[in-house]
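Student: Got a file for you: final-v4.txt, compact mmCIF, C-alpha atoms and all ligand atoms.
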```txt
# COMPACT_ATOMS: atom_id res chain seq x y z
CA MET A 28 -48.45 64.01 -29.46
CA SER A 29 -45.50 62.61 -27.49
CA LEU A 30 -43.97 64.48 -24.56
CA ARG A 31 -40.31 65.25 -25.36
CA ILE A 32 -38.15 64.26 -22.39
CA GLY A 33 -34.56 65.02 -21.41
CA VAL A 34 -32.86 62.58 -19.00
CA ILE A 35 -30.08 63.78 -16.67
CA GLY A 36 -28.05 60.85 -15.29
CA THR A 37 -27.86 57.82 -17.55
CA GLY A 38 -26.68 55.23 -15.02
CA MET A 39 -28.58 52.21 -13.79
CA ILE A 40 -32.02 53.64 -13.06
CA GLY A 41 -31.71 56.41 -15.68
CA GLN A 42 -31.32 53.75 -18.39
CA ASP A 43 -34.14 51.69 -16.90
CA HIS A 44 -36.47 54.71 -16.95
CA ILE A 45 -35.43 55.38 -20.59
CA ARG A 46 -36.37 51.77 -21.43
CA ARG A 47 -39.71 52.23 -19.69
CA LEU A 48 -40.44 55.53 -21.48
CA THR A 49 -39.47 54.21 -24.91
CA GLN A 50 -40.55 50.55 -24.79
CA VAL A 51 -43.28 50.18 -22.16
CA LEU A 52 -45.30 53.38 -21.86
CA PRO A 53 -46.97 55.33 -24.67
CA GLY A 54 -46.75 59.12 -24.98
CA ALA A 55 -43.03 59.84 -24.53
CA ARG A 56 -39.94 60.43 -26.64
CA ILE A 57 -36.37 60.94 -25.35
CA THR A 58 -34.90 63.96 -27.12
CA ALA A 59 -31.86 64.64 -24.91
CA VAL A 60 -29.62 63.00 -22.32
CA SER A 61 -26.69 64.17 -20.20
CA ASP A 62 -24.28 62.63 -17.71
CA ILE A 63 -21.05 63.83 -16.08
CA ASP A 64 -19.66 60.71 -17.71
CA ALA A 65 -19.86 62.15 -21.25
CA GLU A 66 -19.02 58.84 -22.89
CA ARG A 67 -21.91 57.14 -21.09
CA ALA A 68 -24.31 59.87 -22.22
CA ARG A 69 -23.11 59.54 -25.81
CA SER A 70 -23.47 55.76 -25.83
CA VAL A 71 -27.01 55.94 -24.39
CA ALA A 72 -27.98 58.66 -26.94
CA ALA A 73 -26.61 56.51 -29.76
CA LEU A 74 -29.21 53.82 -28.97
CA LEU A 75 -32.12 56.28 -29.20
CA PRO A 76 -33.59 57.46 -32.53
CA ASP A 77 -33.63 61.21 -31.86
CA ALA A 78 -31.72 62.05 -28.68
CA ARG A 79 -28.73 64.36 -28.48
CA ALA A 80 -26.14 64.18 -25.69
CA HIS A 81 -25.54 67.40 -23.75
CA ALA A 82 -22.45 68.23 -21.68
CA THR A 83 -24.45 69.51 -18.68
CA GLY A 84 -27.89 69.30 -17.11
CA ALA A 85 -28.26 73.08 -17.53
CA GLU A 86 -27.75 72.77 -21.29
CA LEU A 87 -30.27 69.94 -21.50
CA ILE A 88 -32.89 71.90 -19.56
CA ALA A 89 -32.44 74.91 -21.89
CA ASP A 90 -32.85 72.69 -24.99
CA GLN A 91 -36.01 73.76 -26.89
CA THR A 92 -36.70 70.13 -27.83
CA VAL A 93 -37.09 69.21 -24.13
CA ASP A 94 -40.63 69.63 -22.71
CA ALA A 95 -40.05 67.74 -19.45
CA VAL A 96 -37.03 66.57 -17.45
CA LEU A 97 -36.21 63.30 -15.69
CA ILE A 98 -33.36 63.51 -13.15
CA ALA A 99 -31.63 60.23 -12.25
CA SER A 100 -28.19 61.47 -11.23
CA TRP A 101 -26.77 60.93 -7.72
CA GLY A 102 -28.81 62.49 -4.91
CA GLY A 103 -26.14 65.11 -4.09
CA ALA A 104 -26.34 66.43 -7.69
CA HIS A 105 -30.13 66.94 -7.91
CA GLU A 106 -30.46 70.46 -6.49
CA PRO A 107 -28.97 72.68 -9.28
CA ASP A 108 -30.82 70.79 -12.02
CA LEU A 109 -34.11 70.92 -10.10
CA LEU A 110 -33.72 74.68 -9.58
CA ALA A 111 -32.94 75.19 -13.29
CA ALA A 112 -35.90 73.04 -14.39
CA ILE A 113 -38.29 74.92 -12.08
CA ALA A 114 -36.93 78.27 -13.33
CA ALA A 115 -37.59 77.07 -16.90
CA GLY A 116 -41.13 75.98 -15.90
CA LYS A 117 -40.50 72.40 -17.11
CA PRO A 118 -42.31 69.50 -15.36
CA THR A 119 -39.71 67.26 -13.73
CA PHE A 120 -39.46 63.76 -12.32
CA CYS A 121 -36.62 63.53 -9.78
CA GLU A 122 -35.35 60.26 -8.35
CA LYS A 123 -35.13 59.97 -4.58
CA PRO A 124 -33.62 61.36 -2.46
CA LEU A 125 -34.89 64.83 -3.47
CA ALA A 126 -31.57 66.22 -2.20
CA THR A 127 -29.03 65.19 0.40
CA THR A 128 -29.25 68.28 2.64
CA GLN A 129 -32.21 70.02 4.22
CA THR A 130 -30.86 73.38 3.00
CA ALA A 131 -31.04 72.14 -0.59
CA CYS A 132 -34.56 70.73 -0.04
CA ARG A 133 -35.74 74.06 1.38
CA ALA A 134 -34.29 75.94 -1.62
CA ILE A 135 -36.20 73.62 -3.97
CA ILE A 136 -39.43 74.12 -2.00
CA ALA A 137 -38.93 77.92 -2.10
CA ALA A 138 -38.37 77.85 -5.87
CA GLU A 139 -41.50 75.77 -6.55
CA VAL A 140 -43.62 77.88 -4.19
CA ALA A 141 -42.37 81.04 -5.98
CA HIS A 142 -43.31 79.42 -9.30
CA GLY A 143 -46.84 79.06 -7.88
CA LYS A 144 -47.73 75.50 -8.85
CA ARG A 145 -46.31 72.00 -8.56
CA LEU A 146 -43.80 70.96 -11.23
CA VAL A 147 -41.84 68.18 -9.50
CA GLN A 148 -42.67 64.55 -8.71
CA VAL A 149 -40.18 62.69 -6.48
CA GLY A 150 -39.34 59.02 -7.16
CA PHE A 151 -40.90 57.37 -4.11
CA MET A 152 -42.23 54.51 -6.24
CA ARG A 153 -43.64 52.44 -3.36
CA ARG A 154 -46.68 54.76 -3.35
CA PHE A 155 -47.54 53.35 -6.81
CA ASP A 156 -46.98 49.67 -5.93
CA PRO A 157 -50.23 47.65 -6.04
CA TYR A 158 -49.37 45.90 -2.74
CA TYR A 159 -48.75 49.13 -0.81
CA ARG A 160 -51.81 50.73 -2.43
CA ALA A 161 -53.95 47.77 -1.28
CA LEU A 162 -52.47 48.07 2.23
CA ARG A 163 -53.39 51.77 2.36
CA SER A 164 -56.93 51.09 1.02
CA THR A 165 -57.41 48.44 3.71
CA LEU A 166 -56.35 50.91 6.39
CA ASP A 167 -58.51 53.69 4.92
CA SER A 168 -61.54 51.35 4.80
CA GLY A 169 -61.49 51.15 8.61
CA ALA A 170 -61.14 47.34 8.53
CA ILE A 171 -58.37 47.32 11.18
CA GLY A 172 -59.30 50.49 13.08
CA ALA A 173 -56.91 53.34 13.78
CA PRO A 174 -53.22 52.47 13.19
CA LEU A 175 -51.00 52.04 16.24
CA MET A 176 -47.79 50.63 14.74
CA PHE A 177 -46.19 49.88 11.39
CA HIS A 178 -43.46 47.23 11.02
CA SER A 179 -41.34 47.79 7.91
CA VAL A 180 -38.60 45.49 6.64
CA HIS A 181 -36.23 46.51 3.82
CA ARG A 182 -33.61 43.87 2.98
CA ASN A 183 -31.25 44.09 -0.01
CA ALA A 184 -29.28 41.07 -1.26
CA SER A 185 -25.98 42.96 -1.39
CA ALA A 186 -24.66 46.51 -1.37
CA PRO A 187 -22.62 48.09 -4.17
CA GLY A 188 -18.93 48.80 -3.41
CA HIS A 189 -19.45 52.55 -2.89
CA PHE A 190 -22.17 52.03 -0.25
CA THR A 191 -21.59 53.62 3.17
CA ASP A 192 -23.22 53.33 6.59
CA ASP A 193 -24.93 56.70 6.05
CA LEU A 194 -26.53 55.50 2.81
CA LEU A 195 -28.30 52.73 4.76
CA ILE A 196 -30.51 55.49 6.13
CA ALA A 197 -30.28 58.31 3.55
CA ASP A 198 -30.61 56.15 0.42
CA THR A 199 -32.30 52.91 1.53
CA ALA A 200 -34.45 53.50 4.64
CA VAL A 201 -35.62 56.79 3.10
CA HIS A 202 -38.18 54.67 1.20
CA ASP A 203 -39.55 53.23 4.48
CA ILE A 204 -39.65 56.72 5.98
CA ASP A 205 -41.69 58.01 3.04
CA ILE A 206 -44.09 55.06 2.93
CA SER A 207 -44.66 55.33 6.71
CA ARG A 208 -45.67 59.00 6.33
CA TRP A 209 -47.92 58.12 3.37
CA LEU A 210 -49.61 55.14 5.04
CA LEU A 211 -50.11 56.72 8.45
CA GLY A 212 -50.80 60.27 7.20
CA THR A 213 -48.59 61.95 9.82
CA GLU A 214 -45.07 63.35 10.06
CA VAL A 215 -42.21 61.91 12.08
CA ALA A 216 -41.49 63.58 15.42
CA ALA A 217 -38.38 61.71 16.58
CA VAL A 218 -35.97 58.97 15.47
CA SER A 219 -33.86 56.43 17.41
CA VAL A 220 -31.45 53.96 15.79
CA LEU A 221 -29.77 50.78 17.04
CA ALA A 222 -27.23 48.71 15.10
CA ALA A 223 -27.39 44.93 15.59
CA ARG A 224 -24.32 42.75 15.89
CA GLN A 225 -22.63 43.31 12.53
CA ASN A 226 -23.50 40.95 9.68
CA SER A 227 -20.15 39.22 9.03
CA ARG A 228 -21.03 38.91 5.34
CA GLY A 229 -20.55 42.66 4.86
CA ARG A 230 -18.38 45.61 5.92
CA LEU A 231 -21.25 47.96 6.88
CA ALA A 232 -22.84 48.64 10.28
CA GLU A 233 -26.01 46.68 9.50
CA PRO A 234 -28.65 45.50 10.05
CA LEU A 235 -30.08 48.65 11.61
CA LEU A 236 -33.25 48.99 13.63
CA ILE A 237 -34.77 52.44 13.21
CA LEU A 238 -37.63 53.59 15.43
CA LEU A 239 -39.86 56.45 14.24
CA GLU A 240 -42.19 58.20 16.67
CA MET A 241 -44.97 59.77 14.59
CA THR A 242 -46.54 63.09 15.62
CA ASP A 243 -49.82 61.37 16.65
CA GLY A 244 -48.01 58.82 18.84
CA ALA A 245 -48.04 55.88 16.38
CA LEU A 246 -44.74 53.96 16.19
CA VAL A 247 -42.82 52.61 13.18
CA ASP A 248 -39.93 50.16 13.33
CA ILE A 249 -37.75 49.73 10.26
CA GLU A 250 -35.25 46.91 9.81
CA VAL A 251 -32.78 47.84 7.08
CA SER A 252 -30.26 45.31 5.77
CA VAL A 253 -28.11 45.34 2.66
CA ASN A 254 -26.38 41.96 2.78
CA ILE A 255 -29.01 39.28 3.21
CA GLY A 256 -27.75 37.36 0.18
CA PHE A 257 -30.91 35.39 -0.57
CA GLY A 258 -32.76 38.14 -2.49
CA TYR A 259 -34.69 41.38 -2.02
CA ASP A 260 -37.17 41.09 0.82
CA ILE A 261 -39.73 43.82 1.47
CA ARG A 262 -42.33 43.48 4.23
CA GLY A 263 -44.82 45.71 5.93
CA GLU A 264 -47.49 45.18 8.55
CA ILE A 265 -49.83 47.73 10.13
CA VAL A 266 -51.14 46.97 13.60
CA GLY A 267 -54.52 48.66 14.07
CA GLU A 268 -56.87 48.93 17.04
CA THR A 269 -59.11 46.09 15.77
CA GLY A 270 -56.88 44.07 13.42
CA THR A 271 -53.68 43.88 11.42
CA ALA A 272 -52.95 44.17 7.70
CA ALA A 273 -49.74 43.02 6.03
CA LEU A 274 -48.29 43.13 2.51
CA ALA A 275 -48.78 39.73 0.86
CA GLU A 276 -45.84 37.82 -0.58
CA THR A 277 -45.41 38.65 -4.27
CA ASN A 278 -45.63 35.13 -5.74
CA PRO A 279 -48.35 34.44 -8.29
CA VAL A 280 -47.98 30.72 -7.48
CA LEU A 281 -47.11 28.96 -4.25
CA LEU A 282 -45.73 25.51 -4.98
CA LYS A 283 -46.27 22.60 -2.57
CA ALA A 284 -44.16 19.57 -3.44
CA GLU A 285 -41.77 17.09 -1.84
CA GLY A 286 -43.01 18.00 1.62
CA ALA A 287 -42.28 21.73 1.29
CA PHE A 288 -43.81 25.10 0.37
CA ARG A 289 -41.89 27.03 -2.32
CA GLY A 290 -42.14 30.51 -3.80
CA ALA A 291 -39.61 32.86 -5.40
CA VAL A 292 -37.90 35.74 -3.58
CA PRO A 293 -37.41 38.73 -5.95
CA ALA A 294 -33.72 39.24 -6.81
CA ASP A 295 -33.66 43.01 -6.53
CA TRP A 296 -35.66 46.25 -6.47
CA GLN A 297 -35.98 46.28 -10.27
CA THR A 298 -37.91 43.00 -10.08
CA ARG A 299 -39.93 43.64 -6.92
CA PHE A 300 -41.08 47.13 -7.91
CA ARG A 301 -41.32 46.73 -11.72
CA ASP A 302 -45.07 47.48 -11.80
CA ALA A 303 -44.67 50.37 -9.35
CA TYR A 304 -42.06 52.10 -11.56
CA ASP A 305 -44.35 51.70 -14.60
CA VAL A 306 -47.36 53.24 -12.83
CA GLU A 307 -45.18 55.97 -11.28
CA LEU A 308 -43.92 57.14 -14.69
CA ARG A 309 -47.32 56.70 -16.36
CA GLU A 310 -48.86 59.04 -13.77
CA TRP A 311 -45.94 61.45 -14.15
CA LEU A 312 -46.41 61.57 -17.95
CA THR A 313 -50.12 62.34 -17.55
CA ALA A 314 -49.49 65.26 -15.18
CA ALA A 315 -46.42 66.52 -17.07
CA ALA A 316 -48.34 66.59 -20.37
CA GLN A 317 -50.64 69.10 -18.64
CA GLY A 318 -47.66 71.14 -17.43
CA GLY A 319 -47.80 70.07 -13.76
CA ALA A 320 -47.04 67.30 -11.27
CA THR A 321 -48.92 65.03 -8.87
CA GLY A 322 -47.77 62.21 -6.55
CA PRO A 323 -44.88 62.54 -4.07
CA SER A 324 -43.98 66.22 -3.82
CA VAL A 325 -40.87 68.18 -2.92
CA TRP A 326 -42.44 68.56 0.53
CA ASP A 327 -42.43 64.76 0.82
CA GLY A 328 -38.81 64.73 -0.37
CA TYR A 329 -37.88 67.35 2.24
CA ALA A 330 -39.71 65.58 5.10
CA ALA A 331 -37.98 62.30 4.19
CA THR A 332 -34.52 63.93 4.06
CA ALA A 333 -35.13 65.78 7.37
CA THR A 334 -36.17 62.47 8.98
CA ALA A 335 -33.17 60.64 7.49
CA ASP A 336 -30.92 63.43 8.88
CA ALA A 337 -32.37 62.85 12.34
CA GLY A 338 -31.71 59.13 11.83
CA LEU A 339 -28.06 59.84 10.99
CA ARG A 340 -27.71 62.00 14.12
CA ALA A 341 -29.31 59.23 16.18
CA LEU A 342 -27.00 56.60 14.66
CA ARG A 343 -23.89 58.63 15.54
CA SER A 344 -24.96 59.81 18.99
CA ARG A 345 -26.92 56.68 20.01
CA ALA A 346 -29.48 59.17 21.33
CA ARG A 347 -33.06 59.92 20.26
CA ALA A 348 -33.08 62.77 17.68
CA LEU A 349 -35.97 65.17 17.10
CA VAL A 350 -37.27 66.00 13.60
CA THR A 351 -37.97 69.70 13.11
CA LEU A 352 -39.74 70.74 9.91
CA ILE A 353 -40.38 74.22 8.51
CA GLU A 354 -44.00 75.33 8.21
CA ARG A 355 -45.68 73.44 5.37
CA PRO A 356 -46.49 75.81 2.47
CA ALA A 357 -50.12 75.82 1.29
CA LEU A 358 -49.00 74.42 -2.08
CA TYR A 359 -48.44 71.06 -0.35
CA THR A 360 -51.56 70.81 1.82
P1 LIG A 401 -25.76 55.19 -10.96
O1 LIG A 401 -24.44 55.51 -10.33
O2 LIG A 401 -25.91 53.89 -11.66
O3 LIG A 401 -26.14 56.33 -12.01
C1 LIG A 401 -26.07 57.69 -11.71
C2 LIG A 401 -25.56 58.42 -12.94
O4 LIG A 401 -25.62 59.82 -12.69
C3 LIG A 401 -24.10 58.08 -13.30
O5 LIG A 401 -24.04 57.73 -14.67
C4 LIG A 401 -23.34 59.37 -12.99
O6 LIG A 401 -22.22 59.56 -13.85
C5 LIG A 401 -24.44 60.40 -13.25
N1 LIG A 401 -24.25 61.69 -12.61
C6 LIG A 401 -23.79 61.95 -11.38
N2 LIG A 401 -23.78 63.28 -11.16
C7 LIG A 401 -24.27 63.87 -12.29
C8 LIG A 401 -24.52 65.20 -12.69
N3 LIG A 401 -24.25 66.24 -11.87
N4 LIG A 401 -25.03 65.42 -13.92
C9 LIG A 401 -25.29 64.39 -14.74
N5 LIG A 401 -25.07 63.10 -14.43
C10 LIG A 401 -24.57 62.86 -13.21
O7 LIG A 401 -26.85 55.36 -9.82
P2 LIG A 401 -28.36 54.85 -9.84
O8 LIG A 401 -28.45 53.61 -9.05
O9 LIG A 401 -28.90 54.90 -11.21
O10 LIG A 401 -29.04 55.99 -8.93
C11 LIG A 401 -29.34 57.26 -9.43
C12 LIG A 401 -30.40 57.93 -8.53
O11 LIG A 401 -31.57 57.13 -8.54
C13 LIG A 401 -30.01 58.08 -7.05
O12 LIG A 401 -30.58 59.26 -6.54
C14 LIG A 401 -30.63 56.85 -6.39
O13 LIG A 401 -30.92 57.02 -5.02
C15 LIG A 401 -31.90 56.71 -7.20
N6 LIG A 401 -32.41 55.32 -7.25
C16 LIG A 401 -33.72 55.12 -6.96
C17 LIG A 401 -34.22 53.85 -6.97
C18 LIG A 401 -35.65 53.61 -6.61
O14 LIG A 401 -35.98 52.49 -6.25
N7 LIG A 401 -36.51 54.62 -6.69
C19 LIG A 401 -33.41 52.77 -7.31
C20 LIG A 401 -32.08 53.03 -7.64
C21 LIG A 401 -31.59 54.31 -7.62
C1 LIG A 402 -31.71 52.04 -4.12
O1 LIG A 402 -31.14 53.30 -4.40
C2 LIG A 402 -33.19 52.13 -4.13
O2 LIG A 402 -33.77 53.17 -4.16
C3 LIG A 402 -33.87 50.85 -3.88
O3 LIG A 402 -35.25 50.96 -3.99
C4 LIG A 402 -33.48 50.42 -2.48
O4 LIG A 402 -34.09 49.19 -2.15
C5 LIG A 402 -31.97 50.29 -2.38
O5 LIG A 402 -31.64 49.94 -1.06
C6 LIG A 402 -31.30 51.61 -2.72
O6 LIG A 402 -29.91 51.50 -2.64
```
Written as C-alpha cells, how would this file's structure read?

Tutor:
Amino acid sequence: MSLRIGVIGTGMIGQDHIRRLTQVLPGARITAVSDIDAERARSVAALLPDARAHATGAELIADQTVDAVLIASWGGAHEPDLLAAIAAGKPTFCEKPLATTQTACRAIIAAEVAHGKRLVQVGFMRRFDPYYRALRSTLDSGAIGAPLMFHSVHRNASAPGHFTDDLLIADTAVHDIDISRWLLGTEVAAVSVLAARQNSRGRLAEPLLILLEMTDGALVDIEVSVNIGFGYDIRGEIVGETGTAALAETNPVLLKAEGAFRGAVPADWQTRFRDAYDVELREWLTAAAQGGATGPSVWDGYAATATADAGLRALRSRARALVTLIERPALYT
C-alpha cells in the first residue's frame, strides 16, 4: 500500500520532491499540499490526482489522509510544522536547515525525545550521494589512515536575488558542515571565517574561506562561492596519515579531442545531486512506512545550525568562535 504524504512548501524543491515521489519512486501518493502562497498550493494540487490544498501546515498535518509529512518551506518556517508533526506522531522529512535558530532546534529535539523515538529525517542529501558514500567507505576501510584534514569546495553558478551574506553560511555551507561531521565522525569545536577579495560578478561578500576545528583536532577548510558562473562545482578531499582520497569528477565520459580534455560541469544542485535526492527519499519512505526515521537526525540538524551560528559570529567579528552544544540525548547516540 502507498504511503500518503502531505507536502508543506510547494516551491522549487517541494515540487521536485513531489515529482520524485510521484514519478520516480514507488510506494508514495501525495494526498495534501500547503503553501503560504495559496495560489501556488492550489496549482500544484491541481496537477496531482488526489491531493487537496490546505491553507496551513497545521491543517495539513491534522488531515486524516496524511500518513507522513514532507516539509520544504523556508528554513525559518520549519519549527512550528515540525513540532505539530511530532505531536501528531507522523514521520516527517524536513529540508535543511532544520531550523534557523538554536532555540528552535533545541525545542524540536526536546519534542522528539519526549515522543520517545525518531520521527524526523533532515534533508542533508550529500550523505546519500554515491560519491560521498564511496569517500566515507574508503576512509572507513583504513586505506588512507586516520583523517587529518578535509578540504571541501562548494561553488554555485549564481545566487538568487534574495540571497544574503548570512545565507552563504546558514543555507549553503551548512551542507559542508554536515558532511564534515559525517565523514570525520566528530563535532566541530571552533569556527573561523575569512572573506576573499569580493567577486566583482556578484554583490555578496564571497568567496568565503571557513575553517572548522574538529573536537579531535582534525581541520576542515570550506570554500563557499555563489557566483562562479561556469556551473556547480563540488569537491572534497580527505588527507589521511598514509594517503589521500578525493571525490571523483562526475563525468561518465572524459573526451579527448583537438588537443584538449573535455567533460561537463553540472549546471546546478538538481543535476549534481539527482541520485542522492532519489536515494534520500527512498530511504525516508522505507523508514516512514514503519512509522519512524533513519538518516540525518534532528541532532545533526541542530549541530549544523549551531556550527553555522558560530560561523556567522566569526564572519562578523573576524574572530575565532567556539561551538557549544547541549548534551547529546541518548536517542541520537
Ligand atoms: P522556494 O522559495 O522555491 O520554496 C519555498 C516555498 O515555501 C515557497 O513556495 C513559499 O511560499 C513556501 N513557504 C514559506 N513559508 C511557508 C510556510 N510557513 N508554510 C507553507 N509554505 C511556506 O525555496 P526552495 O529553494 O524550494 O527551498 C525550500 C527549502 O529547501 C529551504 O529550507 C532550502 O534551504 C531547502 N533546499 C534544500 C536543497 C538541498 O539541496 N537539500 C536545495 C534547495 C533548497
Ligand atoms: C540550496 O538551498 C541547497 O541546499 C543547495 O544544495 C546548495 O548548493 C545551495 O547553495 C543552496 O542555496

Student: Can you tell me which residues surround Ala126 of chain A at a distance of at most 12 Å, considering all atoms listed in the file, apart from same-chain residues fewer than 5 positions away, and format the answer as number ranges by chain?

Tutor: A: 98-110, 121, 131-136, 149-150, 197-198, 201, 325-333, 335-336

Student: Output C-alpha atoms for every residue in that selection, as an mmCIF file, in the coordinates of the input.

Tutor:
```cif
data_model
loop_
_atom_site.group_PDB
_atom_site.id
_atom_site.type_symbol
_atom_site.label_atom_id
_atom_site.label_comp_id
_atom_site.auth_asym_id
_atom_site.auth_seq_id
_atom_site.Cartn_x
_atom_site.Cartn_y
_atom_site.Cartn_z
ATOM 1 C CA ILE A 98 -33.360 63.510 -13.150
ATOM 2 C CA ALA A 99 -31.630 60.230 -12.250
ATOM 3 C CA SER A 100 -28.190 61.470 -11.230
ATOM 4 C CA TRP A 101 -26.770 60.930 -7.720
ATOM 5 C CA GLY A 102 -28.810 62.490 -4.910
ATOM 6 C CA GLY A 103 -26.140 65.110 -4.090
ATOM 7 C CA ALA A 104 -26.340 66.430 -7.690
ATOM 8 C CA HIS A 105 -30.130 66.940 -7.910
ATOM 9 C CA GLU A 106 -30.460 70.460 -6.490
ATOM 10 C CA PRO A 107 -28.970 72.680 -9.280
ATOM 11 C CA ASP A 108 -30.820 70.790 -12.020
ATOM 12 C CA LEU A 109 -34.110 70.920 -10.100
ATOM 13 C CA LEU A 110 -33.720 74.680 -9.580
ATOM 14 C CA CYS A 121 -36.620 63.530 -9.780
ATOM 15 C CA ALA A 131 -31.040 72.140 -0.590
ATOM 16 C CA CYS A 132 -34.560 70.730 -0.040
ATOM 17 C CA ARG A 133 -35.740 74.060 1.380
ATOM 18 C CA ALA A 134 -34.290 75.940 -1.620
ATOM 19 C CA ILE A 135 -36.200 73.620 -3.970
ATOM 20 C CA ILE A 136 -39.430 74.120 -2.000
ATOM 21 C CA VAL A 149 -40.180 62.690 -6.480
ATOM 22 C CA GLY A 150 -39.340 59.020 -7.160
ATOM 23 C CA ALA A 197 -30.280 58.310 3.550
ATOM 24 C CA ASP A 198 -30.610 56.150 0.420
ATOM 25 C CA VAL A 201 -35.620 56.790 3.100
ATOM 26 C CA VAL A 325 -40.870 68.180 -2.920
ATOM 27 C CA TRP A 326 -42.440 68.560 0.530
ATOM 28 C CA ASP A 327 -42.430 64.760 0.820
ATOM 29 C CA GLY A 328 -38.810 64.730 -0.370
ATOM 30 C CA TYR A 329 -37.880 67.350 2.240
ATOM 31 C CA ALA A 330 -39.710 65.580 5.100
ATOM 32 C CA ALA A 331 -37.980 62.300 4.190
ATOM 33 C CA THR A 332 -34.520 63.930 4.060
ATOM 34 C CA ALA A 333 -35.130 65.780 7.370
ATOM 35 C CA ALA A 335 -33.170 60.640 7.490
ATOM 36 C CA ASP A 336 -30.920 63.430 8.880
#
```

Student: Grab me every residue within 10 Å of ligand LIG 402 (chain A), counting all atoms listed in the file, and send it over as number ranges by chain.

Tutor: A: 39-40, 101-102, 122-124, 150-153, 181-187, 190, 194-203, 251-253, 259-261, 295-297, 299-300

Student: Near Gly258 of chain A, within 6 Å and counting all atoms listed in the file, which residues show up once chain neighbours fewer than 6 positions away are dropped, as an MDAnalysis selection string?

Tutor: chainID A and resid 184 292:294

Student: Using only C-alpha atoms for the distances, tell me which of A:Asp94, A:Ala55, A:Thr128, A:Leu166 is nearest to Thr271 of chain A.

Tutor: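 Ranking A:Asp94, A:Ala55, A:Thr128, A:Leu166 by distance to Thr271 of chain A, first place goes to A:Leu166.
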
Student: Which one is closest to Arg347 of chain A: A:Ala275, A:Asn226, A:Val220, A:Gln42? Count all atoms listed in the file.

Tutor: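 For Arg347 of chain A, the nearest of the given residues is A:Val220.
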
Student: In Å, how far is it from atom CA of Met241 of chain A to atom CA of Phe120 of chain A?

Tutor: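 Atom-to-atom, atom CA of Met241 of chain A to atom CA of Phe120 of chain A, that is 27.8 Å.
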
Student: Can you tell me how far atom CA of Ser61 of chain A sits from atom C9 of ligand LIG 401 (chain A), in Å to one decimal?

Tutor: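 Between atom CA of Ser61 of chain A and atom C9 of ligand LIG 401 (chain A) the gap works out to 5.6 Å.
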
Student: With all atoms listed in the file as the basis for distance, which of A:Ala217, A:Val147, A:Leu312, A:Ala82 is at the shortest distance from ligand LIG 401 (chain A)?

Tutor: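 The shortest atom-to-atom distance to ligand LIG 401 (chain A) comes from A:Ala82.
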
Student: Between A:Leu221, A:Leu146, A:Ile63, A:Val71, which residue has the minimum interatomic distance to ligand LIG 401 (chain A), considering only C-alpha atoms and all ligand atoms?

Tutor: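 Distance minimum relative to ligand LIG 401 (chain A) lands on A:Ile63.
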
Student: Please provide the set of residues having any atom within 8 Å of His81 of chain A, restricted to all atoms listed in the file, with same-chain residues fewer than 5 positions apart removed, written as a list in words.

Tutor: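 Near neighbours after the sequence-gap exclusion: Ala59, Val60, Ser61, Asp62, Ala68, Glu86 and Leu87 of chain A.
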
Student: Within 8 Å of Glu307 of chain A, counting only C-alpha atoms, which residues show up once you throw out same-chain ones fewer than 2 positions away? Write them as a VMD selection string, please.

Tutor: chain A and resid 150 152 155 303 to 305 309 to 311
